[in-house]
Structures are given as C-alpha cells and as structure tokens.
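Shown below: coords.txt, with compact mmCIF, C-alpha atoms.
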```txt
# COMPACT_ATOMS: atom_id res chain seq x y z
CA MET T 1 -43.08 74.64 -29.48
CA PRO T 2 -40.54 75.75 -26.87
CA ILE T 3 -37.05 76.82 -27.98
CA VAL T 4 -34.42 74.65 -26.30
CA ASP T 5 -30.73 73.95 -26.62
CA ILE T 6 -29.74 71.13 -28.97
CA PRO T 7 -27.12 68.82 -27.44
CA GLU T 8 -24.29 67.34 -29.45
CA PHE T 9 -25.12 63.98 -31.03
CA ASN T 10 -23.07 61.25 -32.69
CA THR T 11 -22.70 62.00 -36.40
CA GLU T 12 -20.12 59.41 -37.51
CA LYS T 13 -21.76 56.69 -39.60
CA PRO T 14 -20.65 53.14 -38.75
CA GLY T 15 -18.82 51.06 -41.32
CA GLU T 16 -20.44 48.39 -43.45
CA ALA T 17 -18.97 45.51 -41.43
CA GLN T 18 -20.29 46.89 -38.15
CA LEU T 19 -23.76 47.57 -39.57
CA ALA T 20 -23.90 44.07 -41.04
CA ALA T 21 -22.93 42.50 -37.70
CA TRP T 22 -25.56 44.49 -35.80
CA GLU T 23 -28.22 43.72 -38.39
CA SER T 24 -27.43 40.00 -38.27
CA ALA T 25 -27.63 39.95 -34.47
CA LEU T 26 -30.97 41.76 -34.46
CA TRP T 27 -32.50 39.42 -37.04
CA GLU T 28 -31.13 36.36 -35.25
CA ASN T 29 -31.90 37.22 -31.62
CA GLY T 30 -34.65 39.83 -31.91
CA TYR T 31 -32.76 42.32 -29.76
CA LEU T 32 -29.46 44.21 -29.62
CA VAL T 33 -27.54 46.43 -27.20
CA ILE T 34 -25.30 49.19 -28.58
CA PRO T 35 -23.02 50.65 -25.89
CA ASN T 36 -22.32 54.40 -25.72
CA ALA T 37 -24.91 55.18 -28.39
CA LEU T 38 -25.64 58.61 -26.92
CA PRO T 39 -22.90 61.09 -25.87
CA GLN T 40 -22.81 61.78 -22.15
CA PRO T 41 -23.68 65.51 -22.49
CA ALA T 42 -26.81 64.46 -24.41
CA VAL T 43 -27.60 61.86 -21.72
CA GLU T 44 -27.51 64.55 -19.04
CA HIS T 45 -29.52 66.94 -21.22
CA PHE T 46 -32.39 64.50 -21.81
CA LEU T 47 -32.35 63.23 -18.23
CA ASN T 48 -32.92 66.76 -16.95
CA ARG T 49 -35.57 67.31 -19.61
CA ILE T 50 -37.80 64.30 -18.98
CA LYS T 51 -37.46 64.60 -15.21
CA SER T 52 -39.21 67.96 -15.46
CA PHE T 53 -42.21 67.07 -17.66
CA PRO T 54 -45.68 66.56 -16.18
CA PRO T 55 -47.43 63.26 -16.93
CA SER T 56 -48.96 63.02 -20.40
CA VAL T 57 -52.68 63.79 -20.31
CA GLY T 58 -54.81 60.69 -20.87
CA TYR T 59 -51.88 58.31 -20.57
CA GLY T 60 -50.16 56.30 -17.85
CA SER T 61 -47.71 57.39 -15.17
CA ASN T 62 -44.76 55.50 -16.62
CA SER T 63 -44.65 56.88 -20.18
CA LEU T 64 -44.51 60.34 -21.67
CA VAL T 65 -45.79 60.59 -25.24
CA ARG T 66 -45.10 62.76 -28.32
CA LEU T 67 -41.82 64.13 -27.00
CA PHE T 68 -41.26 65.96 -30.32
CA GLU T 69 -43.83 68.48 -29.05
CA HIS T 70 -41.43 69.49 -26.28
CA GLY T 71 -38.65 70.79 -28.53
CA LEU T 72 -36.44 70.15 -31.53
CA ASP T 73 -33.85 68.45 -29.32
CA PHE T 74 -36.05 65.33 -29.38
CA VAL T 75 -36.42 65.60 -33.16
CA HIS T 76 -32.65 65.83 -33.65
CA LEU T 77 -32.25 62.74 -31.46
CA LEU T 78 -34.04 60.74 -34.16
CA GLU T 79 -31.01 61.19 -36.46
CA ASN T 80 -28.41 60.16 -33.88
CA GLU T 81 -25.76 57.74 -35.15
CA PRO T 82 -25.28 54.85 -35.28
CA ILE T 83 -28.95 54.18 -34.56
CA ILE T 84 -30.44 55.96 -37.58
CA SER T 85 -28.10 54.22 -40.05
CA LEU T 86 -28.99 50.82 -38.61
CA MET T 87 -32.71 51.62 -38.66
CA GLU T 88 -32.53 52.73 -42.30
CA ARG T 89 -30.63 49.58 -43.21
CA ILE T 90 -33.26 47.29 -41.68
CA LEU T 91 -36.49 49.25 -42.18
CA GLY T 92 -35.70 51.20 -45.35
CA LYS T 93 -34.87 54.83 -46.07
CA ASN T 94 -38.57 55.69 -46.03
CA LEU T 95 -38.96 54.68 -42.39
CA HIS T 96 -40.75 56.84 -39.86
CA VAL T 97 -41.29 56.87 -36.11
CA ILE T 98 -44.56 55.52 -34.80
CA ALA T 99 -43.90 56.85 -31.29
CA LEU T 100 -41.42 58.96 -29.33
CA GLN T 101 -41.82 58.27 -25.64
CA GLY T 102 -40.08 59.00 -22.38
CA HIS T 103 -40.08 56.22 -19.79
CA ARG T 104 -40.02 56.94 -16.07
CA MET T 105 -40.22 53.58 -14.31
CA PHE T 106 -40.29 53.72 -10.53
CA ARG T 107 -41.30 51.19 -7.91
CA GLY T 108 -44.96 50.33 -8.34
CA ASN T 109 -45.48 51.42 -11.96
CA GLU T 110 -43.30 48.86 -13.75
CA VAL T 111 -44.60 46.93 -16.77
CA LEU T 112 -44.10 43.38 -15.53
CA ARG T 113 -46.27 41.32 -17.91
CA CYS T 114 -44.09 39.68 -20.57
CA HIS T 115 -45.61 40.40 -23.98
CA ALA T 116 -45.09 41.21 -27.63
CA ASP T 117 -46.31 44.69 -28.58
CA GLU T 118 -47.83 43.44 -31.83
CA ILE T 119 -48.06 40.25 -33.87
CA TYR T 120 -47.76 40.71 -37.64
CA LEU T 121 -47.82 37.05 -38.65
CA GLN T 122 -50.05 35.08 -36.28
CA ARG T 123 -49.13 31.45 -35.55
CA PRO T 124 -52.42 29.51 -35.57
CA ALA T 125 -53.19 27.66 -32.35
CA HIS T 126 -52.90 24.28 -34.09
CA VAL T 127 -49.38 24.96 -35.43
CA PRO T 128 -46.74 23.69 -32.96
CA ASP T 129 -43.83 25.86 -31.92
CA ASP T 130 -41.26 23.64 -33.62
CA VAL T 131 -42.63 24.74 -37.00
CA GLU T 132 -40.24 27.44 -38.18
CA TYR T 133 -41.71 30.85 -38.96
CA PRO T 134 -39.58 33.58 -40.51
CA PRO T 135 -38.49 36.41 -38.23
CA ILE T 136 -40.39 39.62 -38.93
CA ILE T 137 -39.08 43.06 -38.00
CA ASN T 138 -41.48 45.86 -38.83
CA VAL T 139 -41.00 48.01 -35.72
CA ILE T 140 -37.89 48.45 -33.59
CA ASN T 141 -38.14 50.00 -30.13
CA CYS T 142 -34.94 51.87 -29.25
CA HIS T 143 -34.37 52.63 -25.56
CA TYR T 144 -31.73 55.28 -24.89
CA TYR T 145 -31.08 54.81 -21.18
CA LEU T 146 -30.34 58.01 -19.27
CA VAL T 147 -29.18 56.35 -16.04
CA ASP T 148 -27.18 53.24 -15.25
CA VAL T 149 -29.60 50.31 -14.96
CA PRO T 150 -28.26 47.56 -12.68
CA GLU T 151 -30.36 44.54 -11.80
CA GLU T 152 -31.97 46.17 -8.77
CA LEU T 153 -33.33 49.08 -10.87
CA GLY T 154 -35.68 46.83 -12.84
CA PRO T 155 -34.07 46.54 -16.29
CA THR T 156 -35.89 45.44 -19.42
CA GLN T 157 -35.74 41.72 -20.17
CA VAL T 158 -36.15 40.11 -23.60
CA VAL T 159 -36.64 36.45 -24.53
CA PRO T 160 -34.07 35.68 -27.29
CA GLU T 161 -35.50 34.64 -30.67
CA SER T 162 -39.08 35.04 -29.45
CA HIS T 163 -39.76 37.37 -32.38
CA ARG T 164 -40.00 34.08 -34.29
CA ALA T 165 -42.82 32.81 -32.06
CA CYS T 166 -45.47 34.82 -33.93
CA ARG T 167 -47.75 34.65 -30.91
CA GLN T 168 -48.09 36.02 -27.40
CA PRO T 169 -46.68 34.10 -24.42
CA ARG T 170 -49.01 31.46 -22.97
CA PRO T 171 -49.26 30.07 -19.41
CA GLU T 172 -47.58 26.85 -20.53
CA ASP T 173 -44.50 28.86 -21.58
CA GLY T 174 -43.68 29.37 -17.89
CA ASP T 175 -43.25 32.37 -15.63
CA PRO T 176 -41.13 34.01 -16.88
CA PRO T 177 -41.90 32.59 -20.32
CA HIS T 178 -39.39 30.55 -22.31
CA TRP T 179 -39.21 30.22 -26.07
CA ARG T 180 -37.68 26.97 -27.32
CA GLY T 181 -35.90 26.49 -24.00
CA GLN T 182 -34.56 30.04 -23.69
CA GLY T 183 -35.67 32.27 -20.86
CA PRO T 184 -35.42 36.06 -20.72
CA VAL T 185 -32.12 37.94 -20.77
CA LEU T 186 -31.83 40.78 -18.26
CA LEU T 187 -30.47 43.84 -20.09
CA THR T 188 -28.43 45.69 -17.48
CA VAL T 189 -26.87 48.75 -19.13
CA LYS T 190 -24.97 51.99 -18.59
CA ALA T 191 -26.30 55.49 -19.17
CA GLY T 192 -25.97 56.24 -22.90
CA ASP T 193 -26.43 52.63 -24.03
CA CYS T 194 -29.22 51.85 -26.47
CA VAL T 195 -31.31 48.69 -26.13
CA MET T 196 -33.39 47.82 -29.19
CA TYR T 197 -35.71 44.96 -30.00
CA SER T 198 -38.31 43.91 -32.52
CA ASN T 199 -41.75 44.71 -31.18
CA GLN T 200 -42.70 41.08 -31.89
CA ALA T 201 -40.16 39.93 -29.28
CA TRP T 202 -41.42 38.94 -25.84
CA HIS T 203 -40.27 41.54 -23.34
CA SER T 204 -41.12 43.20 -20.04
CA GLY T 205 -39.72 45.32 -17.30
CA THR T 206 -38.61 43.82 -14.00
CA LEU T 207 -39.14 44.85 -10.40
CA ASN T 208 -37.52 48.10 -9.35
CA GLN T 209 -36.13 47.24 -5.93
CA THR T 210 -34.91 50.77 -5.20
CA ASP T 211 -36.29 54.24 -4.53
CA ARG T 212 -34.72 55.46 -7.79
CA THR T 213 -36.37 55.87 -11.19
CA ARG T 214 -35.33 54.25 -14.46
CA TYR T 215 -35.31 56.91 -17.21
CA ALA T 216 -35.16 56.39 -20.98
CA VAL T 217 -36.07 58.13 -24.22
CA VAL T 218 -37.69 55.61 -26.55
CA PRO T 219 -38.22 56.25 -30.27
CA GLY T 220 -40.04 53.49 -32.11
CA TYR T 221 -38.91 53.28 -35.75
CA SER T 222 -40.97 51.41 -38.32
CA ARG T 223 -41.39 50.57 -41.96
CA ARG T 224 -43.41 53.06 -43.97
CA PHE T 225 -46.59 50.97 -44.02
CA VAL T 226 -46.95 50.78 -40.22
CA ALA T 227 -49.45 53.29 -38.84
CA GLN T 228 -48.15 55.93 -36.45
CA ARG T 229 -49.35 55.76 -32.85
CA PHE T 230 -49.42 59.37 -31.72
CA TRP T 231 -51.94 59.43 -28.87
CA PRO T 232 -54.92 60.07 -29.16
CA PHE T 233 -54.45 58.47 -32.60
CA LEU T 234 -57.16 59.43 -35.11
CA ASN T 235 -57.78 62.83 -33.55
CA TYR T 236 -54.10 63.79 -33.38
CA HIS T 237 -52.69 66.44 -35.71
CA LEU T 238 -48.93 67.03 -35.87
CA SER T 239 -48.61 70.80 -35.87
CA ARG T 240 -47.04 72.73 -38.75
CA ASP T 241 -45.34 74.77 -36.04
CA ILE T 242 -43.22 71.69 -35.41
CA LEU T 243 -42.80 70.50 -39.00
CA ASP T 244 -41.85 73.92 -40.36
CA GLN T 245 -38.86 74.04 -38.01
CA CYS T 246 -37.59 70.65 -39.18
CA THR T 247 -35.36 69.69 -42.07
CA SER T 248 -36.94 67.75 -44.93
CA ARG T 249 -35.38 64.53 -43.62
CA GLN T 250 -36.69 65.16 -40.13
CA ARG T 251 -40.17 65.76 -41.52
CA GLU T 252 -40.00 62.40 -43.30
CA ILE T 253 -38.92 60.66 -40.10
CA LEU T 254 -41.91 62.25 -38.36
CA GLY T 255 -44.19 60.88 -41.08
CA GLU T 256 -44.44 63.55 -43.80
CA HIS T 257 -43.88 61.26 -46.79
CA PRO T 258 -44.29 61.94 -50.51
CA ARG T 259 -47.37 60.58 -52.21
CA GLY T 260 -47.64 56.83 -52.48
CA ALA T 261 -49.96 54.10 -53.73
CA TYR T 262 -52.86 55.11 -51.48
CA GLY T 263 -52.56 58.86 -51.78
```
Represent the structure of the file as structure tokens.
Amino acid sequence: MPIVDIPEFNTEKPGEAQLAAWESALWENGYLVIPNALPQPAVEHFLNRIKSFPPSVGYGSNSLVRLFEHGLDFVHLLENEPIISLMERILGKNLHVIALQGHRMFRGNEVLRCHADEIYLQRPAHVPDDVEYPPIINVINCHYYLVDVPEELGPTQVVPESHRACRQPRPEDGDPPHWRGQGPVLLTVKAGDCVMYSNQAWHSGTLNQTDRTRYAVVPGYSRRFVAQRFWPFLNYHLSRDILDQCTSRQREILGEHPRGAYG
C-alpha cells in the first residue's frame, strides 16, 4: 500500500443533543445533510487524490472502489467526526463499512434512475402504500463532497421518507417518483458537506449540465450483520499489508470483528 500524507480530520465529538437531533432527522426523513463535515485541507487532499486514480478494473466509469487500498488516508477518513459518532449511535459500535468508493460524475455517466440500493423488508404487492411500515436503517451511504455542487452540476436527489416504502419505485409513482405526495429533494451542497441517506431511500443523481465533474468520497457504513461489498466480492481478500498498518478500531471498521455466533 502506498505511503501518503494523512490530512487533518475533525476529532471533536458532537454533544448528545446534536447527535439526538441528527438521529431523529435521519430516522424520520431517511436522509440528512451535515455542513462542513470535512475540513477544507482534507477536502483539497482527497480531491487531488481521486482525480488522479485510474478507473477501477471491472467496474464502471463513475465509481472507484476499495479506496482503502490506495492509502491509510482513506482509512483515517472513516473515523472522521461527527460522522463516525453518528454512525455508531445508529448502527452500533460493532459497525463496519461495506464499501468505500470515490464518485466521479461527469456529463454522460450520471446515475439517473431513481432507486433504493436494497430492500430489507419487502412490501408485498397487495399491501397498499398507506399501510405503515417501520423505517429500517441498516446501511447509511455517506457522501463527502469535494466540490461545490450547485443544481447545474447534477446533485443527488432523495425522496423524503421513502425508506418507509419498503419497495422500489414503480411507474405509477411518477417521473420523478413521489412517495405519499412528496417528490425528490435536490441536495445542493458545498465542498466539505456530508450527505447521508438510508440505502432503502429512493435516490438518484441528476443531469450534469456542465463540463465539470462532481467528486465525492463515499463510505457506506452498516450494521455488523450486513455483508461487505468489496468488489469482486467472494474472491476479494483484504490484505494484511493494509490491516497491519491500522489501529484495532480501524481494523474493526474494515470488518475484522471478534468471533460471533457464526464463527
């Protein structure tokens, strides 16, 4: 693994009242925006880093995968405050990351189909949408934006409360889809802001109307029981060369847990 500089991260843990407010908003709406989550020197550091990487072999043009292979700076990012404290509060201390991606969205490679990444509790086709299902948050995608993202740069959009739908959008939901009368919210942000949402929430990118690229580093945090998604999945082996340079907490976040019920 290459030796790289480690930028300065936020280390101050948020207070109980702030964590409770963020947690409540995430459970209620399915998404949350935390301004200034990443210090500006770190924003510049990671922007320069992911601009320089070649495309990930076997993957698409808009996402880099397994960024922890590129240096410990990406591993240290996983403990950045206030994100890690909020993730531990919602997902448990024994959380791990299921992915650590870099997004490079330019005109022509946007993800425009509104979707939920996964459905954990499936609403049967015969159950109408007015039947209340509990919100489920097992995975939270955290987008650290490395550039300002105004409307013309194709920001992410999320349909509020759609993590309660427990199904994928259907044609009858409209284009863009609405959930219980609410359409998508366009998440325009500043560099250093963090957008997070439950991976059951309906979301998509939007059209990039410029010649610029939207850059983000995107860790996906999950509860312990959720399988990690390190491409190419079953054949992937996380190198000891990486793990042996990490702290014990960092190794846990990368998935090196103590023994459990299944071994």
Which residues, written as JSON, numbers by chain, have at least one atom at most 10 Å from His76 of chain T, with all atoms listed in the file counted and residues fewer than 4 positions away on the same chain left out?
-> {"T": [6, 7, 8, 9, 68, 71, 72, 80, 246, 247, 250]}
Write out, as a PDB file, in the frame of the given file, the residues just selected, with C-alpha atoms.
```pdb
ATOM      1  CA  ILE T   6     -29.740  71.130 -28.970  1.00  0.00           C
ATOM      2  CA  PRO T   7     -27.120  68.820 -27.440  1.00  0.00           C
ATOM      3  CA  GLU T   8     -24.290  67.340 -29.450  1.00  0.00           C
ATOM      4  CA  PHE T   9     -25.120  63.980 -31.030  1.00  0.00           C
ATOM      5  CA  PHE T  68     -41.260  65.960 -30.320  1.00  0.00           C
ATOM      6  CA  GLY T  71     -38.650  70.790 -28.530  1.00  0.00           C
ATOM      7  CA  LEU T  72     -36.440  70.150 -31.530  1.00  0.00           C
ATOM      8  CA  ASN T  80     -28.410  60.160 -33.880  1.00  0.00           C
ATOM      9  CA  CYS T 246     -37.590  70.650 -39.180  1.00  0.00           C
ATOM     10  CA  THR T 247     -35.360  69.690 -42.070  1.00  0.00           C
ATOM     11  CA  GLN T 250     -36.690  65.160 -40.130  1.00  0.00           C
TER      12      GLN T 250
END
```
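Of the residues listed (T:Arg49, T:Lys93, T:Arg167, T:Arg180), T:Lys93 shows the shortest atom-to-atom separation from Arg249 of chain T; distances use all atoms listed in the file.
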Glu132 of chain T environment, 9 Å, only C-alpha atoms, sequence neighbours closer than 3 positions dropped, as a PyMOL selection string | chain T and resi 129+164-165
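Residue nearest Ser198 of chain T, chosen from T:Ala261, T:Val43, T:Leu100, T:Ile90 and counting only C-alpha atoms: T:Ile90.
Proximity to Ala42 of chain T was assessed for T:Leu95, T:Val147, T:Cys142, T:Val189 counting all atoms listed in the file; the smallest distance is recorded for T:Val147.
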Kindly give the distance, in Å, that separates atom CA of Val159 of chain T and atom CA of Glu79 of chain T, rounded to a single decimal.
-> 28.0 Å
Neighbours of Asn199 of chain T within 10 Å (all atoms listed in the file; same-chain residues fewer than 6 positions away dropped), as a list in words?
-> Gly30, Tyr31, His115, Ala116, Asp117, Glu118, Ile119, Tyr120, Ile136, Ile137, Asn138, Val139, Ile140, Asn141, His163, Gly220 and Ser222 of chain T
Proximity to Lys13 of chain T - best of T:Gln101, T:Gln209, T:Gln182, T:Ser85, only C-alpha atoms = T:Ser85
Near Pro176 of chain T, within 8 Å and counting all atoms listed in the file, which residues show up once chain neighbours fewer than 6 positions away are dropped, as a ChimeraX atom specification?
-> /T:114,183-184
Compare T:Asn235, T:Thr156, T:Asn36, T:Asn29 by their minimum atom-to-atom distance to Pro135 of chain T, counting all atoms listed in the file, and give me the closest one.
->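 Checking each candidate against Pro135 of chain T, we get T:Asn29 as the closest.
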Tell me, as JSON, numbers by chain, which residues lie within 12 Å of Arg66 of chain T, counting only C-alpha atoms; anything in the same chain fewer than 4 positions away does not count.
-> {"T": [50, 53, 55, 56, 57, 59, 70, 71, 72, 74, 75, 97, 98, 99, 100, 101, 102, 103, 217, 218, 219, 220, 228, 229, 230, 231, 232, 233, 236, 237, 238, 239, 242, 254]}
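Shown here are all protein and nucleic acid residues lying within 12 Å of (-39.6, 52.4, -46.1), with only C-alpha atoms considered: Met87, Glu88, Arg89, Ile90, Leu91, Gly92, Lys93, Asn94, Leu95, His96, Val97, Asn138, Val139, Tyr221, Ser222, Arg223, Arg224, Phe225, Val226, Glu252, Ile253, Gly255, His257, Pro258 and Gly260 of chain T.
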Between atom CA of Ile3 of chain T and atom CA of Glu44 of chain T, what is the spacing in Å?
->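 Computing the Euclidean distance for atom CA of Glu44 of chain T and atom CA of Ile3 of chain T yields 17.9 Å.
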Incomplete segment 98-124 of chain T filled out to N, CA, C and O atoms as an mmCIF file, keeping the file's coordinate frame:
```cif
data_model
loop_
_atom_site.group_PDB
_atom_site.id
_atom_site.type_symbol
_atom_site.label_atom_id
_atom_site.label_comp_id
_atom_site.auth_asym_id
_atom_site.auth_seq_id
_atom_site.Cartn_x
_atom_site.Cartn_y
_atom_site.Cartn_z
ATOM 1 N N ILE T 98 -43.152 55.677 -35.162
ATOM 2 C CA ILE T 98 -44.560 55.520 -34.800
ATOM 3 C C ILE T 98 -44.825 56.073 -33.405
ATOM 4 O O ILE T 98 -45.979 56.283 -33.029
ATOM 5 N N ALA T 99 -43.757 56.298 -32.628
ATOM 6 C CA ALA T 99 -43.900 56.850 -31.290
ATOM 7 C C ALA T 99 -42.571 57.443 -30.862
ATOM 8 O O ALA T 99 -41.510 57.041 -31.366
ATOM 9 N N LEU T 100 -42.632 58.397 -29.952
ATOM 10 C CA LEU T 100 -41.420 58.960 -29.330
ATOM 11 C C LEU T 100 -41.775 59.215 -27.877
ATOM 12 O O LEU T 100 -42.403 60.204 -27.530
ATOM 13 N N GLN T 101 -41.393 58.277 -27.031
ATOM 14 C CA GLN T 101 -41.820 58.270 -25.640
ATOM 15 C C GLN T 101 -40.652 58.553 -24.696
ATOM 16 O O GLN T 101 -39.485 58.377 -25.034
ATOM 17 N N GLY T 102 -41.016 58.952 -23.486
ATOM 18 C CA GLY T 102 -40.080 59.000 -22.380
ATOM 19 C C GLY T 102 -40.575 58.048 -21.303
ATOM 20 O O GLY T 102 -41.760 58.062 -20.943
ATOM 21 N N HIS T 103 -39.696 57.183 -20.822
ATOM 22 C CA HIS T 103 -40.080 56.220 -19.790
ATOM 23 C C HIS T 103 -39.528 56.674 -18.439
ATOM 24 O O HIS T 103 -38.355 57.039 -18.323
ATOM 25 N N ARG T 104 -40.406 56.632 -17.447
ATOM 26 C CA ARG T 104 -40.020 56.940 -16.070
ATOM 27 C C ARG T 104 -40.572 55.826 -15.201
ATOM 28 O O ARG T 104 -41.695 55.881 -14.730
ATOM 29 N N MET T 105 -39.776 54.782 -15.008
ATOM 30 C CA MET T 105 -40.220 53.580 -14.310
ATOM 31 C C MET T 105 -39.720 53.600 -12.866
ATOM 32 O O MET T 105 -38.512 53.514 -12.619
ATOM 33 N N PHE T 106 -40.643 53.752 -11.942
ATOM 34 C CA PHE T 106 -40.290 53.720 -10.530
ATOM 35 C C PHE T 106 -41.031 52.565 -9.864
ATOM 36 O O PHE T 106 -41.873 51.898 -10.479
ATOM 37 N N ARG T 107 -40.710 52.309 -8.616
ATOM 38 C CA ARG T 107 -41.300 51.190 -7.910
ATOM 39 C C ARG T 107 -42.827 51.335 -7.864
ATOM 40 O O ARG T 107 -43.350 52.357 -7.431
ATOM 41 N N GLY T 108 -43.513 50.320 -8.373
ATOM 42 C CA GLY T 108 -44.960 50.330 -8.340
ATOM 43 C C GLY T 108 -45.611 50.618 -9.679
ATOM 44 O O GLY T 108 -46.808 50.361 -9.851
ATOM 45 N N ASN T 109 -44.860 51.163 -10.651
ATOM 46 C CA ASN T 109 -45.480 51.420 -11.960
ATOM 47 C C ASN T 109 -44.776 50.673 -13.086
ATOM 48 O O ASN T 109 -44.931 51.008 -14.246
ATOM 49 N N GLU T 110 -44.012 49.633 -12.743
ATOM 50 C CA GLU T 110 -43.300 48.860 -13.750
ATOM 51 C C GLU T 110 -44.284 48.087 -14.651
ATOM 52 O O GLU T 110 -45.397 47.775 -14.246
ATOM 53 N N VAL T 111 -43.831 47.795 -15.866
ATOM 54 C CA VAL T 111 -44.600 46.930 -16.770
ATOM 55 C C VAL T 111 -44.000 45.532 -16.638
ATOM 56 O O VAL T 111 -42.943 45.243 -17.200
ATOM 57 N N LEU T 112 -44.675 44.664 -15.903
ATOM 58 C CA LEU T 112 -44.100 43.380 -15.530
ATOM 59 C C LEU T 112 -44.642 42.203 -16.346
ATOM 60 O O LEU T 112 -44.094 41.104 -16.270
ATOM 61 N N ARG T 113 -45.699 42.419 -17.113
ATOM 62 C CA ARG T 113 -46.270 41.320 -17.910
ATOM 63 C C ARG T 113 -45.428 41.140 -19.171
ATOM 64 O O ARG T 113 -45.276 42.062 -19.967
ATOM 65 N N CYS T 114 -44.887 39.958 -19.373
ATOM 66 C CA CYS T 114 -44.090 39.680 -20.570
ATOM 67 C C CYS T 114 -45.032 39.580 -21.776
ATOM 68 O O CYS T 114 -46.043 38.874 -21.733
ATOM 69 N N HIS T 115 -44.695 40.278 -22.844
ATOM 70 C CA HIS T 115 -45.610 40.400 -23.980
ATOM 71 C C HIS T 115 -44.857 40.779 -25.235
ATOM 72 O O HIS T 115 -43.719 41.257 -25.180
ATOM 73 N N ALA T 116 -45.499 40.594 -26.376
ATOM 74 C CA ALA T 116 -45.090 41.210 -27.630
ATOM 75 C C ALA T 116 -46.016 42.390 -27.882
ATOM 76 O O ALA T 116 -47.218 42.305 -27.633
ATOM 77 N N ASP T 117 -45.465 43.507 -28.360
ATOM 78 C CA ASP T 117 -46.310 44.690 -28.580
ATOM 79 C C ASP T 117 -47.344 44.425 -29.671
ATOM 80 O O ASP T 117 -48.496 44.837 -29.552
ATOM 81 N N GLU T 118 -46.927 43.746 -30.728
ATOM 82 C CA GLU T 118 -47.830 43.440 -31.830
ATOM 83 C C GLU T 118 -47.397 42.128 -32.478
ATOM 84 O O GLU T 118 -46.229 41.745 -32.398
ATOM 85 N N ILE T 119 -48.334 41.467 -33.124
ATOM 86 C CA ILE T 119 -48.060 40.250 -33.870
ATOM 87 C C ILE T 119 -48.453 40.498 -35.323
ATOM 88 O O ILE T 119 -49.618 40.767 -35.615
ATOM 89 N N TYR T 120 -47.492 40.428 -36.233
ATOM 90 C CA TYR T 120 -47.760 40.710 -37.640
ATOM 91 C C TYR T 120 -48.109 39.447 -38.424
ATOM 92 O O TYR T 120 -48.890 39.492 -39.360
ATOM 93 N N LEU T 121 -47.497 38.347 -38.056
ATOM 94 C CA LEU T 121 -47.820 37.050 -38.650
ATOM 95 C C LEU T 121 -48.216 36.137 -37.515
ATOM 96 O O LEU T 121 -47.380 35.752 -36.701
ATOM 97 N N GLN T 122 -49.515 35.815 -37.427
ATOM 98 C CA GLN T 122 -50.050 35.080 -36.280
ATOM 99 C C GLN T 122 -49.893 33.572 -36.481
ATOM 100 O O GLN T 122 -50.364 33.019 -37.474
ATOM 101 N N ARG T 123 -49.231 32.915 -35.532
ATOM 102 C CA ARG T 123 -49.130 31.450 -35.550
ATOM 103 C C ARG T 123 -50.480 30.872 -35.119
ATOM 104 O O ARG T 123 -50.926 31.127 -33.989
ATOM 105 N N PRO T 124 -51.150 30.103 -35.979
ATOM 106 C CA PRO T 124 -52.420 29.510 -35.570
ATOM 107 C C PRO T 124 -52.234 28.572 -34.381
ATOM 108 O O PRO T 124 -51.163 27.986 -34.178
#
```
